[in-house]
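Here's final03.cif, which has mmCIF, C-alpha atoms and all ligand atoms:
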data_start
#
loop_
_atom_site.label_atom_id
_atom_site.label_comp_id
_atom_site.auth_asym_id
_atom_site.auth_seq_id
_atom_site.Cartn_x
_atom_site.Cartn_y
_atom_site.Cartn_z
CA VAL X 9 24.16 -0.15 -1.61
CA PHE X 10 21.09 1.71 -2.65
CA SER X 11 19.83 4.13 -0.03
CA ARG X 12 16.27 5.37 0.14
CA SER X 13 16.00 6.91 3.60
CA ARG X 14 14.80 10.31 2.40
CA SER X 15 12.36 8.68 0.01
CA GLU X 16 11.00 6.66 2.94
CA HIS X 17 10.57 9.89 4.87
CA PHE X 18 8.53 11.41 1.99
CA PHE X 19 6.51 8.21 1.68
CA LYS X 20 5.47 8.56 5.35
CA ARG X 21 4.19 12.06 4.59
CA GLY X 22 2.54 10.86 1.39
CA ARG X 23 0.68 8.15 3.26
CA ARG X 24 -1.04 10.80 5.36
CA VAL X 25 -2.52 12.50 2.31
CA PHE X 26 -2.93 9.86 -0.40
CA PRO X 27 -4.46 6.37 -0.37
CA THR X 28 -1.39 4.07 -0.21
CA GLY X 29 0.73 7.24 -0.23
CA ILE X 30 0.76 7.61 -4.04
CA THR X 31 -1.22 9.43 -6.70
CA ARG X 32 -0.90 6.97 -9.59
CA VAL X 33 -1.53 3.24 -9.40
CA THR X 34 1.49 2.79 -11.66
CA VAL X 35 3.99 4.16 -9.11
CA ASP X 36 6.29 1.40 -7.92
CA HIS X 37 6.17 1.69 -4.12
CA GLU X 38 7.87 -1.51 -2.92
CA PRO X 39 9.31 -0.81 -0.34
CA SER X 40 8.81 2.90 -1.03
CA PRO X 41 8.61 5.00 -4.19
CA LEU X 42 11.77 6.80 -5.25
CA TYR X 43 11.04 10.51 -4.89
CA ILE X 44 12.80 12.47 -7.58
CA ALA X 45 14.76 15.62 -6.88
CA ARG X 46 15.54 16.41 -10.51
CA GLY X 47 16.12 15.06 -13.97
CA ASP X 48 19.27 15.51 -16.01
CA GLY X 49 19.12 14.34 -19.63
CA ALA X 50 19.04 10.54 -19.61
CA TYR X 51 19.31 10.47 -15.81
CA LEU X 52 17.18 10.95 -12.71
CA ILE X 53 18.57 12.09 -9.37
CA ASP X 54 16.41 11.03 -6.46
CA VAL X 55 16.11 12.73 -3.08
CA ASP X 56 18.74 10.37 -1.61
CA GLY X 57 21.22 11.39 -4.30
CA ASN X 58 20.96 8.15 -6.30
CA ARG X 59 21.66 8.80 -9.99
CA LEU X 60 19.68 6.51 -12.27
CA LEU X 61 19.57 5.95 -16.00
CA ASP X 62 15.87 6.50 -16.73
CA LEU X 63 14.39 3.77 -18.92
CA ASN X 64 10.88 4.87 -17.99
CA ASN X 65 10.92 8.49 -19.22
CA ASN X 66 7.54 9.09 -17.61
CA PHE X 67 5.98 6.08 -19.30
CA THR X 68 7.63 6.76 -22.70
CA THR X 69 6.71 10.44 -22.82
CA LEU X 70 10.13 12.11 -22.69
CA ILE X 71 11.70 11.25 -26.02
CA HIS X 72 14.54 13.72 -25.31
CA GLY X 73 14.96 12.80 -21.65
CA HIS X 74 14.84 15.40 -18.87
CA GLY X 75 15.43 19.14 -19.06
CA PHE X 76 15.75 19.21 -22.87
CA LEU X 77 17.03 22.75 -23.37
CA PRO X 78 15.16 23.78 -26.53
CA VAL X 79 11.84 22.93 -24.83
CA ALA X 80 12.88 24.51 -21.51
CA ASP X 81 13.86 27.75 -23.26
CA ALA X 82 10.74 27.94 -25.40
CA VAL X 83 8.47 27.32 -22.41
CA ALA X 84 10.35 29.75 -20.14
CA ASP X 85 9.84 32.41 -22.79
CA LEU X 86 6.13 31.69 -22.85
CA LEU X 87 5.61 31.68 -19.07
CA HIS X 88 6.00 35.44 -18.85
CA ARG X 89 3.43 36.03 -21.57
CA GLY X 90 0.53 33.92 -20.34
CA THR X 91 -0.01 30.19 -20.22
CA CYS X 92 -3.63 29.71 -21.21
CA PHE X 93 -6.33 31.68 -22.92
CA SER X 94 -9.92 31.07 -23.92
CA ASN X 95 -8.89 32.20 -27.41
CA PRO X 96 -6.84 30.13 -29.84
CA THR X 97 -3.15 30.83 -30.54
CA GLU X 98 -0.85 30.33 -33.49
CA HIS X 99 0.96 27.65 -31.47
CA GLU X 100 -1.86 25.13 -31.89
CA ILE X 101 -1.83 25.58 -35.66
CA THR X 102 1.92 25.08 -35.91
CA LEU X 103 1.85 21.81 -33.95
CA ALA X 104 -1.17 20.62 -35.95
CA GLU X 105 0.62 21.40 -39.24
CA LEU X 106 3.67 19.42 -38.15
CA LEU X 107 1.61 16.35 -37.17
CA ILE X 108 -0.55 16.46 -40.30
CA GLU X 109 2.51 16.76 -42.49
CA ARG X 110 4.09 13.70 -40.87
CA ILE X 111 1.30 11.25 -40.05
CA PRO X 112 -0.38 9.91 -43.21
CA ALA X 113 -3.72 9.06 -41.57
CA VAL X 114 -4.13 12.55 -40.09
CA GLU X 115 -5.82 15.20 -42.27
CA HIS X 116 -7.54 17.13 -39.48
CA ILE X 117 -6.78 17.11 -35.78
CA ARG X 118 -8.09 18.21 -32.35
CA PHE X 119 -6.05 18.63 -29.17
CA VAL X 120 -6.99 17.48 -25.68
CA ASN X 121 -5.01 16.96 -22.46
CA SER X 122 -4.21 13.28 -22.06
CA GLY X 123 -4.06 9.98 -23.88
CA THR X 124 -7.16 8.86 -22.01
CA GLU X 125 -9.09 11.80 -23.40
CA ALA X 126 -7.69 11.24 -26.89
CA VAL X 127 -8.84 7.60 -26.93
CA MET X 128 -12.20 8.60 -25.43
CA PHE X 129 -12.88 11.23 -28.10
CA ALA X 130 -11.66 8.93 -30.86
CA ILE X 131 -14.18 6.32 -29.72
CA LYS X 132 -16.91 8.96 -29.46
CA ALA X 133 -16.01 10.25 -32.93
CA ALA X 134 -16.32 6.73 -34.34
CA ARG X 135 -19.72 6.42 -32.65
CA ALA X 136 -20.91 9.79 -33.91
CA PHE X 137 -19.78 8.91 -37.44
CA THR X 138 -21.25 5.39 -37.57
CA CYS X 139 -24.22 5.96 -35.22
CA ARG X 140 -23.27 2.75 -33.40
CA PRO X 141 -22.17 2.34 -29.77
CA GLY X 142 -19.87 -0.71 -29.67
CA VAL X 143 -16.11 -0.97 -29.36
CA ALA X 144 -13.88 -3.93 -30.26
CA ARG X 145 -10.50 -3.94 -28.56
CA ILE X 146 -7.46 -6.11 -28.10
CA GLU X 147 -7.21 -8.41 -25.10
CA GLY X 148 -4.80 -7.15 -22.44
CA ALA X 149 -3.99 -3.84 -24.15
CA TYR X 150 -4.00 -0.59 -22.17
CA HIS X 151 -5.85 2.38 -23.61
CA GLY X 152 -6.30 4.73 -20.64
CA ALA X 153 -9.24 5.10 -18.28
CA TYR X 154 -12.36 5.62 -20.44
CA ASP X 155 -14.71 2.81 -19.40
CA TRP X 156 -15.18 1.34 -22.88
CA ALA X 157 -11.43 1.38 -23.48
CA GLU X 158 -10.57 -0.08 -20.06
CA THR X 159 -12.90 -3.05 -20.14
CA GLY X 160 -11.11 -6.22 -21.20
CA GLN X 161 -7.67 -5.12 -20.11
CA ALA X 162 -7.30 -7.13 -16.94
CA VAL X 163 -7.90 -10.56 -18.46
CA SER X 164 -6.36 -13.54 -16.66
CA PRO X 165 -6.24 -17.33 -17.16
CA ALA X 166 -9.19 -17.78 -14.78
CA ILE X 167 -11.25 -15.76 -17.24
CA TRP X 168 -9.95 -17.01 -20.57
CA ASN X 169 -10.28 -20.65 -19.44
CA ASP X 170 -13.90 -20.12 -18.40
CA ALA X 171 -16.13 -20.28 -21.46
CA GLN X 172 -19.04 -18.81 -19.44
CA ARG X 173 -17.27 -15.55 -18.64
CA SER X 174 -16.88 -12.73 -21.13
CA PRO X 175 -13.33 -11.39 -21.47
CA ALA X 176 -14.91 -7.91 -21.34
CA VAL X 177 -14.36 -7.89 -17.58
CA PRO X 178 -15.16 -4.72 -15.63
CA ALA X 179 -12.08 -2.58 -15.03
CA TYR X 180 -13.28 -1.43 -11.61
CA ARG X 181 -15.79 -2.41 -8.98
CA GLY X 182 -19.21 -1.02 -9.75
CA MET X 183 -18.60 -0.42 -13.46
CA PRO X 184 -22.01 -0.39 -15.21
CA PRO X 185 -22.56 -3.90 -16.63
CA ALA X 186 -23.86 -2.27 -19.83
CA VAL X 187 -20.30 -1.21 -20.66
CA GLY X 188 -19.17 -4.83 -20.99
CA GLU X 189 -22.12 -5.57 -23.25
CA GLU X 190 -20.83 -3.02 -25.75
CA VAL X 191 -17.23 -4.21 -25.74
CA THR X 192 -15.88 -7.06 -27.86
CA VAL X 193 -12.48 -8.38 -26.83
CA ILE X 194 -10.30 -9.92 -29.53
CA ARG X 195 -6.98 -11.74 -29.31
CA PHE X 196 -3.95 -10.03 -30.77
CA ASN X 197 -2.41 -11.64 -33.86
CA ASP X 198 -5.29 -14.15 -34.11
CA VAL X 199 -7.09 -13.63 -37.43
CA GLU X 200 -9.62 -16.37 -36.80
CA ASP X 201 -10.65 -14.97 -33.41
CA LEU X 202 -10.87 -11.48 -34.94
CA GLU X 203 -13.11 -12.56 -37.81
CA ARG X 204 -15.40 -14.65 -35.64
CA ARG X 205 -15.91 -12.02 -32.95
CA ILE X 206 -16.26 -9.06 -35.30
CA ALA X 207 -18.72 -10.90 -37.52
CA SER X 208 -21.06 -11.53 -34.60
CA ALA X 209 -20.84 -8.02 -33.10
CA ALA X 210 -20.55 -6.06 -36.37
CA PRO X 211 -24.00 -4.45 -36.57
CA SER X 212 -23.41 -2.58 -33.30
CA LEU X 213 -19.67 -1.85 -33.63
CA ALA X 214 -18.43 1.72 -34.12
CA CYS X 215 -14.73 0.90 -34.12
CA ILE X 216 -11.91 -1.53 -33.69
CA LEU X 217 -9.52 0.09 -31.22
CA ILE X 218 -5.99 -1.16 -31.76
CA ASP X 219 -2.49 -0.20 -30.71
CA PRO X 220 -0.21 -1.67 -33.40
CA MET X 221 2.23 -2.93 -30.71
CA PRO X 222 0.29 -2.98 -27.44
CA SER X 223 2.79 -2.37 -24.67
CA ARG X 224 0.86 -3.61 -21.63
CA ALA X 225 -0.10 -6.74 -23.59
CA GLY X 226 3.58 -7.62 -24.05
CA LEU X 227 5.00 -5.12 -26.58
CA ILE X 228 4.55 -7.80 -29.20
CA ALA X 229 5.08 -7.19 -32.90
CA PRO X 230 1.92 -7.28 -35.00
CA GLU X 231 1.65 -9.96 -37.69
CA PRO X 232 1.15 -8.09 -41.00
CA ILE X 233 -1.63 -10.54 -41.86
CA PHE X 234 -3.44 -9.62 -38.63
CA LEU X 235 -3.32 -5.87 -39.27
CA ALA X 236 -4.45 -6.45 -42.86
CA ALA X 237 -7.38 -8.50 -41.56
CA VAL X 238 -8.33 -5.72 -39.10
CA GLY X 239 -8.51 -3.24 -41.98
CA ALA X 240 -10.38 -5.60 -44.28
CA ILE X 241 -13.05 -6.71 -41.82
CA ALA X 242 -13.60 -3.15 -40.61
CA ARG X 243 -14.18 -1.93 -44.17
CA GLN X 244 -16.45 -4.86 -44.93
CA HIS X 245 -18.77 -3.97 -42.03
CA GLY X 246 -18.50 -0.16 -42.08
CA ILE X 247 -16.57 -0.17 -38.79
CA LEU X 248 -13.85 2.44 -38.23
CA VAL X 249 -10.29 1.54 -37.30
CA VAL X 250 -9.01 3.64 -34.40
CA ALA X 251 -5.24 3.37 -33.85
CA ASP X 252 -4.11 4.13 -30.33
CA GLU X 253 -0.66 5.62 -30.92
CA VAL X 254 -0.47 7.40 -27.59
CA LEU X 255 2.63 5.38 -26.79
CA ASN X 256 3.76 4.03 -30.15
CA LEU X 257 3.80 7.20 -32.19
CA ARG X 258 7.42 7.24 -31.03
CA GLN X 259 8.15 4.25 -33.26
CA SER X 260 8.83 6.34 -36.34
CA TYR X 261 8.76 9.78 -37.94
CA ARG X 262 5.32 8.91 -39.37
CA GLY X 263 4.12 6.94 -36.35
CA ALA X 264 3.32 3.30 -35.72
CA SER X 265 0.43 2.71 -38.13
CA ALA X 266 2.55 3.90 -41.05
CA ARG X 267 5.42 1.72 -39.86
CA TYR X 268 3.29 -1.44 -39.72
CA GLY X 269 1.00 -0.81 -42.67
CA LEU X 270 -2.22 -0.19 -40.73
CA GLN X 271 -4.57 2.35 -42.31
CA PRO X 272 -6.65 3.81 -39.50
CA ASP X 273 -9.59 6.17 -39.89
CA LEU X 274 -8.65 7.87 -36.62
CA ILE X 275 -5.50 8.07 -34.52
CA ALA X 276 -5.25 8.87 -30.83
CA ALA X 277 -1.92 10.43 -29.85
CA GLY X 278 -0.37 11.84 -26.69
CA LYS X 279 2.85 11.55 -24.68
CA ILE X 280 5.78 12.64 -26.94
CA ILE X 281 3.76 15.25 -28.86
CA GLY X 282 3.52 17.37 -25.68
CA GLY X 283 7.27 17.65 -25.15
CA GLY X 284 6.87 16.72 -21.47
CA PHE X 285 3.60 18.59 -20.84
CA PRO X 286 0.05 17.17 -20.71
CA ILE X 287 -1.43 16.52 -24.14
CA GLY X 288 -3.61 14.29 -26.25
CA ALA X 289 -4.77 14.50 -29.85
CA ILE X 290 -7.38 12.92 -32.09
CA GLY X 291 -6.60 13.00 -35.78
CA GLY X 292 -7.94 11.36 -38.88
CA ARG X 293 -9.76 11.55 -42.16
CA LYS X 294 -11.47 14.90 -42.76
CA GLU X 295 -14.75 13.18 -43.47
CA VAL X 296 -14.71 11.50 -40.04
CA MET X 297 -13.27 14.50 -38.19
CA ARG X 298 -16.31 16.48 -39.39
CA VAL X 299 -18.18 15.09 -36.38
CA PHE X 300 -16.34 17.80 -34.41
CA ALA X 301 -17.37 20.56 -36.84
CA SER X 302 -19.82 23.24 -35.74
CA ASP X 303 -20.19 25.27 -38.98
CA SER X 304 -23.89 24.48 -39.09
CA GLY X 305 -24.82 24.59 -35.42
CA THR X 306 -24.14 22.08 -32.70
CA PRO X 307 -21.62 19.47 -33.84
CA PRO X 308 -22.56 15.79 -33.78
CA LEU X 309 -19.78 15.47 -31.18
CA PRO X 310 -19.14 18.55 -29.05
CA GLN X 311 -15.56 18.58 -27.70
CA GLY X 312 -14.01 21.25 -25.51
CA GLY X 313 -11.70 21.17 -22.52
CA THR X 314 -10.42 24.02 -20.33
CA PHE X 315 -6.77 23.27 -21.06
CA SER X 316 -7.17 21.82 -24.55
CA ALA X 317 -4.55 23.29 -26.92
CA ASN X 318 -2.98 25.33 -24.12
CA PRO X 319 0.06 27.19 -25.49
CA VAL X 320 2.56 25.55 -23.11
CA SER X 321 1.82 22.02 -24.34
CA MET X 322 1.58 23.24 -27.95
CA VAL X 323 4.96 25.01 -27.91
CA ALA X 324 6.76 22.30 -25.93
CA GLY X 325 5.34 19.65 -28.24
CA ARG X 326 6.31 21.49 -31.39
CA VAL X 327 9.87 22.08 -30.24
CA ALA X 328 10.30 18.46 -29.09
CA MET X 329 8.84 17.09 -32.33
CA GLU X 330 10.89 19.41 -34.55
CA ALA X 331 14.01 18.00 -32.90
CA MET X 332 12.77 14.51 -33.79
CA THR X 333 13.98 14.61 -37.37
CA GLU X 334 14.09 11.43 -39.48
CA ALA X 335 17.78 11.19 -38.58
CA ALA X 336 16.97 11.48 -34.85
CA PHE X 337 14.41 8.65 -35.16
CA ALA X 338 16.98 6.55 -37.03
CA SER X 339 19.69 6.99 -34.43
CA LEU X 340 17.28 6.27 -31.56
CA GLU X 341 16.24 3.12 -33.39
CA SER X 342 19.81 1.97 -33.92
CA LEU X 343 20.48 2.36 -30.18
CA GLY X 344 17.34 0.28 -29.58
CA ASP X 345 18.52 -2.36 -32.09
CA SER X 346 21.88 -2.64 -30.40
CA ILE X 347 20.38 -2.97 -26.90
CA ARG X 348 17.87 -5.62 -28.02
CA ALA X 349 20.65 -7.51 -29.84
CA GLY X 350 22.90 -7.27 -26.76
CA LEU X 351 20.20 -8.57 -24.43
CA ARG X 352 19.45 -11.46 -26.80
CA ARG X 353 23.15 -12.27 -27.07
CA GLU X 354 23.42 -12.58 -23.27
CA ILE X 355 20.31 -14.78 -23.18
CA ALA X 356 21.65 -17.06 -25.93
CA ARG X 357 25.12 -17.29 -24.40
CA ARG X 358 23.66 -18.76 -21.20
CA GLY X 359 20.67 -20.55 -22.69
CA ALA X 360 18.60 -18.47 -20.23
CA ALA X 361 14.79 -18.74 -20.17
CA PHE X 362 14.21 -15.12 -21.22
CA SER X 363 13.21 -13.34 -24.39
CA VAL X 364 13.05 -9.76 -25.65
CA THR X 365 10.34 -7.96 -27.61
CA GLY X 366 10.00 -4.40 -28.88
CA ALA X 367 11.05 -2.15 -31.74
CA ALA X 368 12.54 1.29 -32.38
CA SER X 369 13.15 2.98 -29.01
CA LEU X 370 11.19 0.41 -26.98
CA PHE X 371 12.00 -2.95 -25.46
CA ARG X 372 10.61 -5.40 -22.97
CA ILE X 373 12.28 -8.38 -21.28
CA HIS X 374 10.10 -11.46 -20.69
CA PRO X 375 10.87 -14.34 -18.30
CA LYS X 376 9.82 -16.71 -21.10
CA ARG X 377 12.10 -18.93 -23.15
CA LYS X 378 9.87 -18.62 -26.21
CA GLU X 379 9.25 -15.06 -27.35
CA PRO X 380 5.54 -14.36 -26.70
CA THR X 381 3.34 -13.72 -29.73
CA ASP X 382 0.25 -12.56 -27.86
CA PHE X 383 -0.92 -11.34 -24.46
CA ARG X 384 -1.68 -14.84 -23.16
CA GLU X 385 1.83 -16.04 -23.90
CA ALA X 386 3.27 -12.95 -22.21
CA TYR X 387 1.07 -13.34 -19.12
CA LEU X 388 3.13 -13.69 -15.93
CA GLU X 389 2.42 -16.33 -13.31
CA PRO X 390 3.18 -15.11 -9.76
CA ALA X 391 6.68 -16.69 -9.70
CA GLU X 392 7.50 -15.03 -13.03
CA ALA X 393 6.21 -11.68 -11.78
CA GLU X 394 8.48 -12.02 -8.73
CA LEU X 395 11.44 -12.78 -11.02
CA MET X 396 10.74 -9.58 -12.98
CA ALA X 397 10.55 -7.59 -9.74
CA ARG X 398 13.95 -9.06 -8.83
CA LEU X 399 15.26 -7.99 -12.24
CA SER X 400 14.11 -4.39 -11.62
CA ARG X 401 15.71 -4.43 -8.14
CA HIS X 402 18.95 -5.65 -9.67
CA PHE X 403 18.87 -2.87 -12.27
CA LEU X 404 18.38 -0.28 -9.51
CA GLN X 405 21.51 -1.58 -7.80
CA CYS X 406 23.28 -0.99 -11.14
CA GLY X 407 21.94 2.58 -11.30
CA ILE X 408 19.23 1.91 -13.89
CA LEU X 409 15.49 2.46 -13.54
CA LEU X 410 13.92 -0.42 -15.49
CA PRO X 411 10.11 -0.26 -15.56
CA ASN X 412 8.52 -3.42 -14.22
CA GLY X 413 5.50 -4.51 -16.24
CA ALA X 414 5.78 -1.72 -18.79
CA ALA X 415 7.88 -0.95 -21.84
CA ALA X 416 11.44 0.26 -21.29
CA CYS X 417 12.20 3.21 -23.52
CA LEU X 418 15.13 5.22 -24.77
CA SER X 419 15.63 8.93 -25.19
CA THR X 420 17.83 10.97 -27.51
CA ALA X 421 19.82 11.95 -24.40
CA MET X 422 21.16 8.38 -24.14
CA THR X 423 24.54 7.33 -25.50
CA SER X 424 25.89 3.99 -26.65
CA ALA X 425 27.66 3.76 -23.26
CA ASP X 426 24.22 3.92 -21.60
CA GLY X 427 23.11 1.11 -23.92
CA ASP X 428 26.16 -0.97 -22.93
CA ALA X 429 25.34 -0.37 -19.24
CA VAL X 430 21.84 -1.80 -19.79
CA VAL X 431 23.20 -4.93 -21.47
CA SER X 432 25.89 -5.46 -18.86
CA ALA X 433 23.41 -5.02 -15.97
CA PHE X 434 21.30 -7.74 -17.58
CA ALA X 435 24.32 -10.01 -18.08
CA ASP X 436 25.17 -9.60 -14.35
CA PHE X 437 21.60 -10.44 -13.46
CA LEU X 438 21.67 -13.65 -15.50
CA SER X 439 24.94 -14.66 -13.82
CA ALA X 440 23.50 -13.93 -10.36
CA LEU X 441 20.42 -15.95 -11.28
CA ASP X 442 22.57 -18.93 -12.33
CA ALA X 443 24.45 -18.74 -9.04
CA ASN X 444 21.33 -18.26 -6.93
CA PRO X 445 18.05 -19.08 -8.67
CA THR X 446 15.86 -18.10 -5.71
CA GLU X 447 17.76 -15.05 -4.36
N1 LIG D 501 -3.13 4.58 -24.62
C1 LIG D 501 -1.91 4.03 -24.48
C2 LIG D 501 -1.42 3.05 -25.49
C3 LIG D 501 -1.11 4.38 -23.39
O1 LIG D 501 0.10 3.83 -23.25
C4 LIG D 501 -1.59 5.33 -22.46
C5 LIG D 501 -0.76 5.78 -21.27
N2 LIG D 501 0.17 4.89 -20.81
C6 LIG D 501 -2.87 5.87 -22.65
C7 LIG D 501 -3.60 5.48 -23.75
C8 LIG D 501 -3.44 6.87 -21.69
O2 LIG D 501 -2.73 8.06 -21.74
P1 LIG D 501 -2.74 9.08 -20.50
O3 LIG D 501 -2.02 8.40 -19.37
O4 LIG D 501 -2.04 10.31 -21.01
O5 LIG D 501 -4.17 9.35 -20.15
#

This entry written out as structure tokens:
Amino acid sequence: VFSRSRSEHFFKRGRRVFPTGITRVTVDHEPSPLYIARGDGAYLIDVDGNRLLDLNNNFTTLIHGHGFLPVADAVADLLHRGTCFSNPTEHEITLAELLIERIPAVEHIRFVNSGTEAVMFAIKAARAFTCRPGVARIEGAYHGAYDWAETGQAVSPAIWNDAQRSPAVPAYRGMPPAVGEEVTVIRFNDVEDLERRIASAAPSLACILIDPMPSRAGLIAPEPIFLAAVGAIARQHGILVVADEVLNLRQSYRGASARYGLQPDLIAAGKIIGGGFPIGAIGGRKEVMRVFASDSGTPPLPQGGTFSANPVSMVAGRVAMEAMTEAAFASLESLGDSIRAGLRREIARRGAAFSVTGAASLFRIHPKRKEPTDFREAYLEPAEAELMARLSRHFLQCGILLPNGAAACLSTAMTSADGDAVVSAFADFLSALDANPTE
């Protein structure tokens, strides 16, 4: 059985210093968080000595898993020579060159420290370019903690069934009501909803913010016709398309927009491009990126940041990304294909009421017989949410950390045996569920 006595001990200490004992709302703490002692490639070892296959990889950040040697060596080398300067370094240019060479929509780029900041500056850049304040965003998608990107994430049936209430619901108590007035929430994969809502808000919209496969909203594949409509209606009204690829850049060598045929004006990136260190980036068309330019005085959009483009994140990111060759992306994707196929095979064999979404190195299991095609179809009722928590508990017993409510992701440290372990843990779960539907 799974022991967590030392983790419980740490949790007691944590509770004395942090609200609820944790420092991120996303930490699973039922009955206590698992405190990690160290990472080892595809695995985590917690303070009780449990060894777990890590399908979280710090929320999809660690594309090479833990302790990837080329990054560790490059960073160790740097640590002795200074970790941050007020002056620029060659390291930032090298990472920028790599990203610009790979990502078609990126001609110029700026670095920041998190995905939240990247999305925030992309929205501000769209505003500065268009001289309009408004943001249109996809219902249920997560884009970090900037107010205008957060609003409209926590939509629930009580809200979407109530014609009087705007889906641009405040993300936190006390959020200025004016934020909601500048946010238009559109349904994913619904061209009619998109066209209707954009048409009415168009004169005040700076951008349509879209993650091509929003993870929190179900990790659902975009309909090509929907992405085409996003591009067309944006162009028609002079609205910019901002692709949030903070998570989904890991979908291909050229990123997610290129993979799905979206042509954004700006891209927000983060996670994998920092090689395990804090990072964010805003990239896009030169003409738009000029809002950051200060050649003739104060830029339309001043952007700084004490740790922006710090050499540690730049070097770690470059080394991690260089190791992600086209062949590395292809083999990660084929592991993902085989896991998704295996999970679907187990579902079909038993006629179980589950489905699987995702692509490349990402997957998500839904307690839904019909594969969801938008956030509302993926929405979990309380009994379904409990079933997913039971699934994660079962995976832990099998030595696998399966994120609950977020995308599961693979790393290059994983082998096909790890993939088989995932499928067989799921098969065991379905058998246990048949034998005992309520646990
Ligand atoms: N956008 C997306 C799509 C994300 O998945 C995340 C992080 N999960 C963010 C933005 C925010 O990134 P960060 O946590 O680095 O601020």

task: Kindly work out which residues sit at most 6 Å from ligand LIG 501 (chain D), using only C-alpha atoms and all ligand atoms, and give the list as a list of chain:residue names.
output: X:Ser122, X:Gly123, X:Thr124, X:Tyr150, X:His151, X:Gly152, X:Asp252, X:Val254, X:Leu255

task: Work out how far apart atom CA of X:Arg204 and atom CA of X:Val296 are and give it in Å to one decimal.
output: 26.5 Å

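One finds atom CA of X:Val299 at 28.9 Å from atom CA of X:Phe234.
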
query: Skipping near chain neighbours, those fewer than 2 positions away, what residues fall within 7 Å of stretch 86-95 of chain X using all atoms listed in the file, listed as a VMD selection string?
result: chain X and resid 82 to 84 97 318 to 320

Taking all atoms of stretch 259-268 of chain X that appear in the file, build a box with edges along x, y and z, extend it by 8 Å on every side, and state its centre and edge lengths in Å to one decimal, as lines of an AutoDock Vina configuration file.
center_x = 4.6
center_y = 4.2
center_z = -37.2
size_x = 24.4
size_y = 27.2
size_z = 23.8
